[in-house]
$ cat entry-v9.csv   # CSV, N, CA and C atoms
chain,number,residue,atom,x,y,z
F,1307,MET,N,92.0,67.7,75.2
F,1307,MET,CA,91.7,66.9,74.0
F,1307,MET,C,92.0,65.4,74.4
F,1308,GLU,N,93.0,65.1,75.1
F,1308,GLU,CA,93.3,63.8,75.5
F,1308,GLU,C,92.2,63.1,76.3
F,1309,MET,N,91.6,63.9,77.3
F,1309,MET,CA,90.5,63.5,78.1
F,1309,MET,C,89.3,63.1,77.2
F,1310,ASP,N,89.1,63.9,76.2
F,1310,ASP,CA,88.0,63.7,75.3
F,1310,ASP,C,88.2,62.4,74.5
F,1311,ARG,N,89.4,62.1,74.1
F,1311,ARG,CA,89.7,60.9,73.3
F,1311,ARG,C,89.5,59.7,74.2
F,1312,GLU,N,90.0,59.7,75.5
F,1312,GLU,CA,89.9,58.6,76.4
F,1312,GLU,C,88.4,58.3,76.7
F,1313,GLN,N,87.6,59.4,76.8
F,1313,GLN,CA,86.2,59.2,77.1
F,1313,GLN,C,85.5,58.5,75.9
F,1314,LYS,N,85.9,58.9,74.7
F,1314,LYS,CA,85.3,58.3,73.5
F,1314,LYS,C,85.7,56.8,73.4
F,1315,TYR,N,86.9,56.5,73.8
F,1315,TYR,CA,87.3,55.1,73.8
F,1315,TYR,C,86.5,54.3,74.8
F,1316,ARG,N,86.3,54.9,76.0
F,1316,ARG,CA,85.4,54.2,77.0
F,1316,ARG,C,84.0,54.0,76.5
F,1317,GLU,N,83.5,55.0,75.8
F,1317,GLU,CA,82.1,54.9,75.2
F,1317,GLU,C,82.0,53.8,74.2
F,1318,MET,N,83.1,53.7,73.4
F,1318,MET,CA,83.1,52.6,72.3
F,1318,MET,C,83.2,51.3,73.0
F,1319,ALA,N,84.0,51.1,74.1
F,1319,ALA,CA,84.1,49.9,74.8
F,1319,ALA,C,82.8,49.5,75.4
F,1320,ILE,N,82.1,50.4,76.0
F,1320,ILE,CA,80.8,50.2,76.6
F,1320,ILE,C,79.8,49.7,75.6
F,1321,ARG,N,79.9,50.1,74.4
F,1321,ARG,CA,78.9,49.7,73.4
F,1321,ARG,C,79.4,48.6,72.5
F,1322,GLY,N,80.6,48.2,72.6
F,1322,GLY,CA,81.3,47.2,71.7
F,1322,GLY,C,81.0,45.8,72.1
F,1323,LYS,N,81.5,44.9,71.2
F,1323,LYS,CA,81.3,43.5,71.3
F,1323,LYS,C,81.8,42.9,72.6
F,1324,TYR,N,82.9,43.5,73.2
F,1324,TYR,CA,83.5,43.0,74.4
F,1324,TYR,C,83.1,43.9,75.6
F,1325,GLN,N,81.9,44.5,75.6
F,1325,GLN,CA,81.5,45.4,76.7
F,1325,GLN,C,81.3,44.6,78.0
F,1326,ARG,N,81.0,43.4,78.0
F,1326,ARG,CA,80.8,42.6,79.2
F,1326,ARG,C,82.2,42.4,79.9
F,1327,LEU,N,83.2,42.2,79.1
F,1327,LEU,CA,84.6,42.1,79.6
F,1327,LEU,C,85.0,43.5,80.2
F,1328,TYR,N,84.7,44.5,79.5
F,1328,TYR,CA,85.0,45.9,80.0
F,1328,TYR,C,84.4,46.1,81.3
F,1329,THR,N,83.1,45.8,81.4
F,1329,THR,CA,82.3,46.0,82.7
F,1329,THR,C,82.9,45.2,83.8
F,1330,HIS,N,83.2,43.9,83.5
F,1330,HIS,CA,83.8,43.0,84.5
F,1330,HIS,C,85.1,43.6,85.0
F,1331,LEU,N,86.0,44.0,84.1
F,1331,LEU,CA,87.3,44.5,84.6
F,1331,LEU,C,87.1,45.8,85.4
F,1332,CYS,N,86.2,46.6,85.0
F,1332,CYS,CA,85.9,47.8,85.8
F,1332,CYS,C,85.5,47.5,87.2
F,1333,SER,N,84.8,46.4,87.4
F,1333,SER,CA,84.3,46.1,88.7
F,1333,SER,C,85.3,45.4,89.6
F,1334,LEU,N,86.5,44.9,89.1
F,1334,LEU,CA,87.4,44.2,89.9
F,1334,LEU,C,88.2,45.1,90.8
F,1335,PRO,N,88.3,44.8,92.1
F,1335,PRO,CA,89.0,45.6,93.0
F,1335,PRO,C,90.5,45.3,93.0
F,1336,ASP,N,90.9,44.1,92.6
F,1336,ASP,CA,92.3,43.7,92.6
F,1336,ASP,C,93.1,44.4,91.5
F,1337,GLN,N,94.4,44.3,91.7
F,1337,GLN,CA,95.4,44.9,90.7
F,1337,GLN,C,95.8,43.9,89.6
F,1338,GLU,N,95.5,42.6,89.9
F,1338,GLU,CA,95.8,41.6,88.9
F,1338,GLU,C,94.6,40.6,88.8
F,1339,TRP,N,94.5,40.1,87.6
F,1339,TRP,CA,93.4,39.1,87.5
F,1339,TRP,C,94.0,37.9,86.6
F,1340,ARG,N,94.2,36.8,87.2
F,1340,ARG,CA,94.6,35.6,86.4
F,1340,ARG,C,93.4,34.8,86.0
F,1341,THR,N,93.3,34.5,84.7
F,1341,THR,CA,92.1,33.9,84.2
F,1341,THR,C,92.4,33.0,83.1
F,1342,THR,N,91.3,32.3,82.6
F,1342,THR,CA,91.5,31.4,81.4
F,1342,THR,C,90.6,32.0,80.3
F,1343,PHE,N,90.9,31.5,79.1
F,1343,PHE,CA,90.2,31.9,77.9
F,1343,PHE,C,88.7,31.5,78.1
F,1344,GLY,N,88.5,30.3,78.8
F,1344,GLY,CA,87.1,29.8,79.0
F,1344,GLY,C,86.4,30.7,80.0
F,1345,GLU,N,87.0,31.3,81.0
F,1345,GLU,CA,86.4,32.2,81.9
F,1345,GLU,C,86.0,33.5,81.2
F,1346,ILE,N,86.8,33.9,80.3
F,1346,ILE,CA,86.5,35.1,79.5
F,1346,ILE,C,85.3,34.9,78.6
F,1347,GLU,N,85.3,33.7,78.0
F,1347,GLU,CA,84.1,33.3,77.2
F,1347,GLU,C,82.8,33.3,78.0
F,1348,ALA,N,82.9,32.8,79.3
F,1348,ALA,CA,81.7,32.8,80.1
F,1348,ALA,C,81.2,34.2,80.4
F,1349,ILE,N,82.2,35.1,80.6
F,1349,ILE,CA,81.8,36.5,80.9
F,1349,ILE,C,81.2,37.2,79.7
F,1350,ILE,N,81.9,37.1,78.5
F,1350,ILE,CA,81.4,37.8,77.4
F,1350,ILE,C,80.1,37.2,76.7
F,1351,GLY,N,79.9,35.9,77.0
F,1351,GLY,CA,78.7,35.2,76.5
F,1351,GLY,C,78.8,34.6,75.1
F,1352,PHE,N,80.0,34.5,74.6
F,1352,PHE,CA,80.2,33.9,73.3
F,1352,PHE,C,81.6,33.3,73.2
F,1353,GLU,N,81.9,32.5,72.2
F,1353,GLU,CA,83.2,31.9,72.1
F,1353,GLU,C,84.2,32.8,71.5
F,1354,LEU,N,85.4,32.8,72.0
F,1354,LEU,CA,86.4,33.7,71.4
F,1354,LEU,C,86.7,33.2,70.0
F,1355,PRO,N,87.2,34.1,69.1
F,1355,PRO,CA,87.5,33.6,67.8
F,1355,PRO,C,88.7,32.7,67.8
F,1356,ALA,N,88.8,31.9,66.8
F,1356,ALA,CA,90.0,30.9,66.7
F,1356,ALA,C,91.3,31.6,66.8
F,1357,SER,N,91.4,32.8,66.3
F,1357,SER,CA,92.7,33.6,66.3
F,1357,SER,C,93.1,33.9,67.7
F,1358,ALA,N,92.2,33.9,68.7
F,1358,ALA,CA,92.6,34.1,70.1
F,1358,ALA,C,93.4,32.9,70.6
F,1359,ARG,N,93.1,31.8,70.1
F,1359,ARG,CA,93.8,30.6,70.5
F,1359,ARG,C,95.0,30.2,69.7
F,1360,LEU,N,95.1,30.8,68.5
F,1360,LEU,CA,96.2,30.5,67.6
F,1360,LEU,C,97.3,31.5,67.5
F,1361,HIS,N,96.9,32.8,67.7
F,1361,HIS,CA,97.9,33.9,67.5
F,1361,HIS,C,98.0,34.7,68.7
F,1362,ARG,N,99.2,34.7,69.3
F,1362,ARG,CA,99.5,35.5,70.5
F,1362,ARG,C,99.2,37.0,70.3
F,1363,PRO,N,99.4,37.6,69.1
F,1363,PRO,CA,99.1,39.0,68.9
F,1363,PRO,C,97.7,39.4,69.2
F,1364,TRP,N,96.8,38.4,69.1
F,1364,TRP,CA,95.4,38.7,69.4
F,1364,TRP,C,95.3,39.3,70.8
F,1365,TRP,N,96.2,39.0,71.7
F,1365,TRP,CA,96.1,39.4,73.1
F,1365,TRP,C,97.0,40.6,73.4
F,1366,SER,N,97.5,41.2,72.3
F,1366,SER,CA,98.4,42.4,72.5
F,1366,SER,C,97.7,43.6,73.0
F,1367,ASN,N,98.4,44.4,73.8
F,1367,ASN,CA,97.9,45.7,74.2
F,1367,ASN,C,98.1,46.7,73.1
F,1368,GLN,N,97.2,47.6,73.0
F,1368,GLN,CA,97.3,48.6,71.9
F,1368,GLN,C,97.1,50.0,72.5
F,1369,SER,N,98.0,50.9,72.2
F,1369,SER,CA,98.0,52.2,72.8
F,1369,SER,C,97.1,53.1,72.1
F,1370,GLY,N,96.6,54.1,72.8
F,1370,GLY,CA,95.8,55.1,72.2
F,1370,GLY,C,94.4,54.7,71.7
F,1371,GLY,N,94.0,53.5,72.1
F,1371,GLY,CA,92.6,53.1,71.6
F,1371,GLY,C,92.6,52.6,70.2
F,1372,ASN,N,93.8,52.6,69.5
F,1372,ASN,CA,93.8,52.1,68.1
F,1372,ASN,C,93.9,50.6,68.1
F,1373,GLY,N,93.1,50.0,67.4
F,1373,GLY,CA,93.3,48.5,67.3
F,1373,GLY,C,92.0,47.8,67.4
F,1374,HIS,N,92.1,46.6,68.0
F,1374,HIS,CA,91.0,45.6,68.0
F,1374,HIS,C,90.1,45.9,69.2
F,1375,SER,N,88.8,45.4,69.0
F,1375,SER,CA,87.8,45.7,70.0
F,1375,SER,C,88.1,45.1,71.3
F,1376,GLN,N,88.7,43.9,71.3
F,1376,GLN,CA,89.0,43.2,72.6
F,1376,GLN,C,90.1,44.0,73.4
F,1377,ALA,N,91.1,44.5,72.7
F,1377,ALA,CA,92.2,45.3,73.3
F,1377,ALA,C,91.6,46.7,73.8
F,1378,LEU,N,90.7,47.2,73.0
F,1378,LEU,CA,90.0,48.4,73.4
F,1378,LEU,C,89.2,48.2,74.7
F,1379,ALA,N,88.6,47.0,74.9
F,1379,ALA,CA,87.8,46.7,76.1
F,1379,ALA,C,88.7,46.7,77.3
F,1380,TRP,N,89.8,46.0,77.3
F,1380,TRP,CA,90.6,45.9,78.5
F,1380,TRP,C,91.4,47.2,78.7
F,1381,GLY,N,91.8,47.8,77.6
F,1381,GLY,CA,92.6,49.1,77.7
F,1381,GLY,C,91.7,50.2,78.3
F,1382,ALA,N,90.5,50.4,77.8
F,1382,ALA,CA,89.6,51.4,78.3
F,1382,ALA,C,89.2,51.2,79.7
F,1383,ALA,N,89.2,50.0,80.2
F,1383,ALA,CA,88.9,49.7,81.6
F,1383,ALA,C,90.2,49.9,82.5
F,1384,GLY,N,91.3,50.2,81.8
F,1384,GLY,CA,92.5,50.5,82.6
F,1384,GLY,C,93.4,49.3,82.9
F,1385,TRP,N,93.3,48.2,82.1
F,1385,TRP,CA,94.0,47.0,82.3
F,1385,TRP,C,94.9,46.7,81.1
F,1386,LYS,N,96.0,45.9,81.3
F,1386,LYS,CA,96.9,45.4,80.2
F,1386,LYS,C,97.1,43.9,80.4
F,1387,THR,N,97.2,43.2,79.3
F,1387,THR,CA,97.6,41.8,79.4
F,1387,THR,C,99.1,41.8,79.7
F,1388,ALA,N,99.5,40.9,80.6
F,1388,ALA,CA,100.8,40.8,81.1
F,1388,ALA,C,101.5,39.4,80.8
F,1389,GLU,N,100.8,38.4,81.0
F,1389,GLU,CA,101.3,37.0,80.7
F,1389,GLU,C,100.2,36.3,80.0
F,1390,VAL,N,100.6,35.8,78.8
F,1390,VAL,CA,99.6,35.0,78.0
F,1390,VAL,C,100.3,33.7,77.7
F,1391,ASN,N,99.6,32.6,78.2
F,1391,ASN,CA,100.1,31.2,77.9
F,1391,ASN,C,99.2,30.6,76.9
F,1392,MET,N,99.6,30.5,75.7
F,1392,MET,CA,98.7,30.0,74.6
F,1392,MET,C,98.5,28.5,74.8
F,1393,ASP,N,99.4,27.8,75.3
F,1393,ASP,CA,99.3,26.3,75.5
F,1393,ASP,C,98.2,26.0,76.5
F,1394,ASP,N,98.3,26.7,77.7
F,1394,ASP,CA,97.4,26.5,78.8
F,1394,ASP,C,96.1,27.3,78.7
F,1395,GLU,N,96.1,28.2,77.7
F,1395,GLU,CA,94.9,29.1,77.5
F,1395,GLU,C,94.6,29.9,78.8
F,1396,THR,N,95.7,30.5,79.3
F,1396,THR,CA,95.5,31.3,80.5
F,1396,THR,C,96.2,32.7,80.3
F,1397,LEU,N,95.8,33.7,81.0
F,1397,LEU,CA,96.5,35.0,80.9
F,1397,LEU,C,96.4,35.7,82.3
F,1398,LEU,N,97.2,36.7,82.4
F,1398,LEU,CA,97.2,37.5,83.6
F,1398,LEU,C,97.0,38.9,83.0
F,1399,LEU,N,96.0,39.6,83.6
F,1399,LEU,CA,95.8,41.0,83.3
F,1399,LEU,C,96.2,41.8,84.5
F,1400,ARG,N,96.8,43.0,84.3
F,1400,ARG,CA,97.2,43.9,85.4
F,1400,ARG,C,96.6,45.2,85.2
F,1401,LYS,N,96.1,45.8,86.3
F,1401,LYS,CA,95.5,47.1,86.2
F,1401,LYS,C,96.7,48.1,86.1
F,1402,GLU,N,96.5,49.0,85.1
F,1402,GLU,CA,97.5,50.0,84.9
F,1402,GLU,C,97.5,51.0,86.1
F,1403,SER,N,98.7,51.3,86.6
F,1403,SER,CA,98.8,52.3,87.6
F,1403,SER,C,99.0,53.7,86.9
F,1404,ARG,N,98.1,54.6,87.2
F,1404,ARG,CA,98.2,55.9,86.6
F,1404,ARG,C,98.5,56.9,87.7
F,1405,PRO,N,99.7,57.4,87.7
F,1405,PRO,CA,100.1,58.4,88.7
F,1405,PRO,C,99.1,59.6,88.7
F,1406,GLU,N,98.8,60.0,89.9
F,1406,GLU,CA,97.8,61.1,90.0
F,1406,GLU,C,98.3,62.4,89.2
F,1407,ALA,N,99.6,62.6,89.2
F,1407,ALA,CA,100.2,63.7,88.5
F,1407,ALA,C,99.9,63.7,87.0
F,1408,THR,N,99.7,62.6,86.4
F,1408,THR,CA,99.4,62.5,85.0
F,1408,THR,C,97.9,62.4,84.7
F,1409,ARG,N,97.1,62.3,85.7
F,1409,ARG,CA,95.7,62.2,85.6
F,1409,ARG,C,95.2,63.5,85.0
F,1410,THR,N,94.3,63.5,84.0
F,1410,THR,CA,93.7,64.7,83.5
F,1410,THR,C,92.5,65.0,84.4
F,1411,PRO,N,92.4,66.2,84.9
F,1411,PRO,CA,91.3,66.5,85.8
F,1411,PRO,C,90.0,66.6,85.0
F,1412,ARG,N,88.9,66.3,85.6
F,1412,ARG,CA,87.6,66.4,85.0
F,1412,ARG,C,87.2,67.9,84.9
F,1413,LEU,N,86.4,68.2,83.9
F,1413,LEU,CA,86.0,69.6,83.7
F,1413,LEU,C,85.3,70.1,85.0
F,1414,ASP,N,84.5,69.3,85.7
F,1414,ASP,CA,83.8,69.9,86.9
F,1414,ASP,C,84.8,70.1,88.0
F,1415,GLU,N,86.0,69.5,88.0
F,1415,GLU,CA,87.0,69.8,89.0
F,1415,GLU,C,87.7,71.1,88.7
F,1416,VAL,N,87.9,71.4,87.4
F,1416,VAL,CA,88.5,72.7,87.0
F,1416,VAL,C,87.6,73.8,87.1
F,1417,TRP,N,86.4,73.6,86.6
F,1417,TRP,CA,85.3,74.6,86.5
F,1417,TRP,C,84.1,74.1,87.2
F,1418,PRO,N,84.0,74.3,88.6
F,1418,PRO,CA,82.9,73.7,89.3
F,1418,PRO,C,81.5,74.2,88.8
F,1419,VAL,N,80.6,73.3,88.9
F,1419,VAL,CA,79.2,73.5,88.5
F,1419,VAL,C,78.5,74.3,89.7
F,1420,HIS,N,77.7,75.3,89.3
F,1420,HIS,CA,77.0,76.1,90.3
F,1420,HIS,C,75.5,76.1,89.9
F,1421,PRO,N,74.6,76.1,90.8
F,1421,PRO,CA,73.2,76.2,90.5
F,1421,PRO,C,72.9,77.5,89.7
F,1422,THR,N,71.9,77.4,88.9
F,1422,THR,CA,71.5,78.6,88.1
F,1422,THR,C,71.1,79.7,89.0
F,1423,ALA,N,71.4,80.9,88.7
F,1423,ALA,CA,71.0,82.1,89.3
F,1423,ALA,C,71.7,82.3,90.7
F,1424,VAL,N,72.7,81.5,91.0
F,1424,VAL,CA,73.4,81.7,92.3
F,1424,VAL,C,74.8,82.1,91.9
F,1425,TRP,N,75.2,83.3,92.4
F,1425,TRP,CA,76.6,83.8,92.2
F,1425,TRP,C,77.5,83.3,93.2
F,1426,PRO,N,78.5,82.4,92.8
F,1426,PRO,CA,79.4,81.8,93.8
F,1426,PRO,C,80.1,82.9,94.6
F,1427,GLU,N,80.3,82.6,95.9
F,1427,GLU,CA,81.0,83.5,96.8
F,1427,GLU,C,82.4,83.6,96.3
F,1428,GLY,N,82.9,84.9,96.2
F,1428,GLY,CA,84.3,85.1,95.8
F,1428,GLY,C,84.5,85.1,94.3
F,1429,LEU,N,83.5,84.9,93.5
F,1429,LEU,CA,83.7,84.9,92.1
F,1429,LEU,C,83.5,86.3,91.6
F,1430,SER,N,84.5,86.8,90.8
F,1430,SER,CA,84.5,88.1,90.3
F,1430,SER,C,84.8,88.1,88.8
F,1431,LEU,N,84.2,89.0,88.1
F,1431,LEU,CA,84.5,89.1,86.7
F,1431,LEU,C,85.4,90.3,86.4
F,1432,ARG,N,85.9,90.9,87.4
F,1432,ARG,CA,86.9,92.0,87.2
F,1432,ARG,C,88.2,91.5,86.7
F,1433,ARG,N,88.7,92.2,85.7
F,1433,ARG,CA,89.9,91.7,85.0
F,1433,ARG,C,91.1,91.5,86.0
F,1434,GLU,N,91.2,92.4,87.0
F,1434,GLU,CA,92.2,92.2,88.0
F,1434,GLU,C,92.1,91.0,88.8
F,1435,ASP,N,90.9,90.5,89.0
F,1435,ASP,CA,90.6,89.3,89.8
F,1435,ASP,C,90.8,88.0,89.1
F,1436,MET,N,90.9,88.1,87.7
F,1436,MET,CA,91.0,86.9,86.9
F,1436,MET,C,92.4,86.4,86.7
F,1437,TYR,N,93.4,87.3,87.0
F,1437,TYR,CA,94.7,86.9,86.7
F,1437,TYR,C,95.5,86.8,88.0
F,1438,GLU,N,96.3,85.8,88.1
F,1438,GLU,CA,97.1,85.6,89.3
F,1438,GLU,C,98.2,86.6,89.4
F,1439,ASP,N,98.7,87.2,88.3
F,1439,ASP,CA,99.8,88.1,88.4
F,1439,ASP,C,99.3,89.6,88.6
F,1440,ARG,N,98.1,89.8,89.1
F,1440,ARG,CA,97.6,91.1,89.3
F,1440,ARG,C,98.4,91.9,90.4
F,1441,VAL,N,98.3,93.2,90.2
F,1441,VAL,CA,99.0,94.0,91.2
F,1441,VAL,C,98.0,94.5,92.2
F,1442,SER,N,98.3,94.4,93.4
F,1442,SER,CA,97.4,94.9,94.5
F,1442,SER,C,97.6,96.4,94.7
F,1443,LEU,N,96.5,97.0,94.8
F,1443,LEU,CA,96.5,98.5,94.9
F,1443,LEU,C,96.3,98.9,96.4

$ encode --input "entry-v9.csv" --output "structure tokens"
Amino acid sequence: MEMDREQKYREMAIRGKYQRLYTHLCSLPDQEWRTTFGEIEAIIGFELPASARLHRPWWSNQSGGNGHSQALAWGAAGWKTAEVNMDDETLLLRKESRPEATRTPRLDEVWPVHPTAVWPEGLSLRREDMYEDRVSL
């Protein structure tokens, strides 16, 4: 269910107002990106709202995809705001490190896709073969 929710947040970010920011962040190979409000405006193609320059909470990270569209864009891309300087209009974004152990596997990793009408080698529908705790005879 969690994988489904994360995918929906990504889809919302791709279609949302800040989709260019999402796309840009997804393309960055670095773990950190120090930027200015003006650079972000150049990327997104429009001026940030006045609240982005007046209120620090506009730059807050929000968990679980709940919240504002700008936070959804960088969060769905796997980034978090780390340092925001309202006076200089600069910020540092950091790529979130997600340990492999907590990564949710994709469905095709758990249940591989096979071409139609091809029975995969070693696949059996016998009850004994479906359970790891089977007793060998």

$ closest_residue --input "entry-v9.csv" --among "F:Ser1430, F:Trp1380, F:Lys1386, F:Met1392" --to "Thr1329 (chain F)" --atoms "all atoms listed in the file"
F:Trp1380

$ atom_distance --input "entry-v9.csv" --atom1 "atom C of Thr1387 (chain F)" --atom2 "atom C of Glu1402 (chain F)"
11.3 Å

$ select_by_dssp --input "entry-v9.csv" --residues "region 1335-1399 of chain F" --states "alpha helix (DSSP H)" --output "PyMOL selection string"
chain F and resi 1343-1350+1356-1360+1375-1382

$ atom_distance --input "entry-v9.csv" --atom1 "CA of Ala1356 (chain F)" --atom2 "CA of Ala1379 (chain F)"
18.5 Å

$ atom_distance --input "entry-v9.csv" --atom1 "CA of Lys1401 (chain F)" --atom2 "CA of Ala1382 (chain F)"
10.8 Å

$ residues_near_point --input "entry-v9.csv" --point "(88.5, 52.5, 85.6)" --cutoff "7 Å" --atoms "only N, CA and C atoms" --output "PyMOL selection string"
chain F and resi 1331-1332+1382-1384

$ closest_residue --input "entry-v9.csv" --among "F:Ile1349, F:Ser1333, F:Arg1400, F:Leu1327" --to "Ser1375 (chain F)" --atoms "only C-alpha atoms"
F:Leu1327

$ select_by_dssp --input "entry-v9.csv" --residues "region 1328-1394 of chain F" --states "strand (DSSP E)" --output "PyMOL selection string"
chain F and resi 1338-1342+1385-1391

$ residues_around --input "entry-v9.csv" --residues "region 1362-1366 of chain F" --least-positions-apart "3" --cutoff "8 Å" --atoms "only N, CA and C atoms" --output "MDAnalysis selection string"
chainID F and resid 1357:1359 1369 1376:1378 1386:1388 1390 1392

$ closest_residue --input "entry-v9.csv" --among "F:Trp1339, F:Arg1433, F:Glu1353, F:Trp1385" --to "Gln1368 (chain F)" --atoms "only C-alpha atoms"
F:Trp1385

$ closest_residue --input "entry-v9.csv" --among "F:Leu1360, F:Leu1334, F:Leu1429, F:Ile1320" --to "Leu1399 (chain F)" --atoms "only C-alpha atoms"
F:Leu1334

$ build_atoms --input "entry-v9.csv" --residues "region 1384-1403 of chain F" --atoms "N, CA, C and O atoms" --output "PDB file, in the frame of the given file"
ATOM      1  N   GLY F1384      91.300  50.200  81.800  1.00  0.00           N
ATOM      2  CA  GLY F1384      92.500  50.500  82.600  1.00  0.00           C
ATOM      3  C   GLY F1384      93.400  49.300  82.900  1.00  0.00           C
ATOM      4  O   GLY F1384      94.164  49.242  83.833  1.00  0.00           O
ATOM      5  N   TRP F1385      93.300  48.200  82.100  1.00  0.00           N
ATOM      6  CA  TRP F1385      94.000  47.000  82.300  1.00  0.00           C
ATOM      7  C   TRP F1385      94.900  46.700  81.100  1.00  0.00           C
ATOM      8  O   TRP F1385      94.699  47.216  79.959  1.00  0.00           O
ATOM      9  N   LYS F1386      96.000  45.900  81.300  1.00  0.00           N
ATOM     10  CA  LYS F1386      96.900  45.400  80.200  1.00  0.00           C
ATOM     11  C   LYS F1386      97.100  43.900  80.400  1.00  0.00           C
ATOM     12  O   LYS F1386      97.162  43.423  81.527  1.00  0.00           O
ATOM     13  N   THR F1387      97.200  43.200  79.300  1.00  0.00           N
ATOM     14  CA  THR F1387      97.600  41.800  79.400  1.00  0.00           C
ATOM     15  C   THR F1387      99.100  41.800  79.700  1.00  0.00           C
ATOM     16  O   THR F1387      99.914  42.559  79.247  1.00  0.00           O
ATOM     17  N   ALA F1388      99.500  40.900  80.600  1.00  0.00           N
ATOM     18  CA  ALA F1388     100.800  40.800  81.100  1.00  0.00           C
ATOM     19  C   ALA F1388     101.500  39.400  80.800  1.00  0.00           C
ATOM     20  O   ALA F1388     102.597  39.405  80.326  1.00  0.00           O
ATOM     21  N   GLU F1389     100.800  38.400  81.000  1.00  0.00           N
ATOM     22  CA  GLU F1389     101.300  37.000  80.700  1.00  0.00           C
ATOM     23  C   GLU F1389     100.200  36.300  80.000  1.00  0.00           C
ATOM     24  O   GLU F1389      99.101  36.129  80.464  1.00  0.00           O
ATOM     25  N   VAL F1390     100.600  35.800  78.800  1.00  0.00           N
ATOM     26  CA  VAL F1390      99.600  35.000  78.000  1.00  0.00           C
ATOM     27  C   VAL F1390     100.300  33.700  77.700  1.00  0.00           C
ATOM     28  O   VAL F1390     101.353  33.593  77.162  1.00  0.00           O
ATOM     29  N   ASN F1391      99.600  32.600  78.200  1.00  0.00           N
ATOM     30  CA  ASN F1391     100.100  31.200  77.900  1.00  0.00           C
ATOM     31  C   ASN F1391      99.200  30.600  76.900  1.00  0.00           C
ATOM     32  O   ASN F1391      98.040  30.174  77.267  1.00  0.00           O
ATOM     33  N   MET F1392      99.600  30.500  75.700  1.00  0.00           N
ATOM     34  CA  MET F1392      98.700  30.000  74.600  1.00  0.00           C
ATOM     35  C   MET F1392      98.500  28.500  74.800  1.00  0.00           C
ATOM     36  O   MET F1392      97.363  28.044  74.446  1.00  0.00           O
ATOM     37  N   ASP F1393      99.400  27.800  75.300  1.00  0.00           N
ATOM     38  CA  ASP F1393      99.300  26.300  75.500  1.00  0.00           C
ATOM     39  C   ASP F1393      98.200  26.000  76.500  1.00  0.00           C
ATOM     40  O   ASP F1393      97.355  25.143  76.347  1.00  0.00           O
ATOM     41  N   ASP F1394      98.300  26.700  77.700  1.00  0.00           N
ATOM     42  CA  ASP F1394      97.400  26.500  78.800  1.00  0.00           C
ATOM     43  C   ASP F1394      96.100  27.300  78.700  1.00  0.00           C
ATOM     44  O   ASP F1394      95.199  27.122  79.478  1.00  0.00           O
ATOM     45  N   GLU F1395      96.100  28.200  77.700  1.00  0.00           N
ATOM     46  CA  GLU F1395      94.900  29.100  77.500  1.00  0.00           C
ATOM     47  C   GLU F1395      94.600  29.900  78.800  1.00  0.00           C
ATOM     48  O   GLU F1395      93.507  29.956  79.257  1.00  0.00           O
ATOM     49  N   THR F1396      95.700  30.500  79.300  1.00  0.00           N
ATOM     50  CA  THR F1396      95.500  31.300  80.500  1.00  0.00           C
ATOM     51  C   THR F1396      96.200  32.700  80.300  1.00  0.00           C
ATOM     52  O   THR F1396      97.042  32.816  79.358  1.00  0.00           O
ATOM     53  N   LEU F1397      95.800  33.700  81.000  1.00  0.00           N
ATOM     54  CA  LEU F1397      96.500  35.000  80.900  1.00  0.00           C
ATOM     55  C   LEU F1397      96.400  35.700  82.300  1.00  0.00           C
ATOM     56  O   LEU F1397      95.511  35.396  83.092  1.00  0.00           O
ATOM     57  N   LEU F1398      97.200  36.700  82.400  1.00  0.00           N
ATOM     58  CA  LEU F1398      97.200  37.500  83.600  1.00  0.00           C
ATOM     59  C   LEU F1398      97.000  38.900  83.000  1.00  0.00           C
ATOM     60  O   LEU F1398      97.709  39.389  82.118  1.00  0.00           O
ATOM     61  N   LEU F1399      96.000  39.600  83.600  1.00  0.00           N
ATOM     62  CA  LEU F1399      95.800  41.000  83.300  1.00  0.00           C
ATOM     63  C   LEU F1399      96.200  41.800  84.500  1.00  0.00           C
ATOM     64  O   LEU F1399      95.928  41.414  85.656  1.00  0.00           O
ATOM     65  N   ARG F1400      96.800  43.000  84.300  1.00  0.00           N
ATOM     66  CA  ARG F1400      97.200  43.900  85.400  1.00  0.00           C
ATOM     67  C   ARG F1400      96.600  45.200  85.200  1.00  0.00           C
ATOM     68  O   ARG F1400      96.558  45.761  84.063  1.00  0.00           O
ATOM     69  N   LYS F1401      96.100  45.800  86.300  1.00  0.00           N
ATOM     70  CA  LYS F1401      95.500  47.100  86.200  1.00  0.00           C
ATOM     71  C   LYS F1401      96.700  48.100  86.100  1.00  0.00           C
ATOM     72  O   LYS F1401      97.689  47.998  86.754  1.00  0.00           O
ATOM     73  N   GLU F1402      96.500  49.000  85.100  1.00  0.00           N
ATOM     74  CA  GLU F1402      97.500  50.000  84.900  1.00  0.00           C
ATOM     75  C   GLU F1402      97.500  51.000  86.100  1.00  0.00           C
ATOM     76  O   GLU F1402      96.494  51.432  86.523  1.00  0.00           O
ATOM     77  N   SER F1403      98.700  51.300  86.600  1.00  0.00           N
ATOM     78  CA  SER F1403      98.800  52.300  87.600  1.00  0.00           C
ATOM     79  C   SER F1403      99.000  53.700  86.900  1.00  0.00           C
ATOM     80  O   SER F1403      99.994  53.814  86.163  1.00  0.00           O
TER      81      SER F1403
END
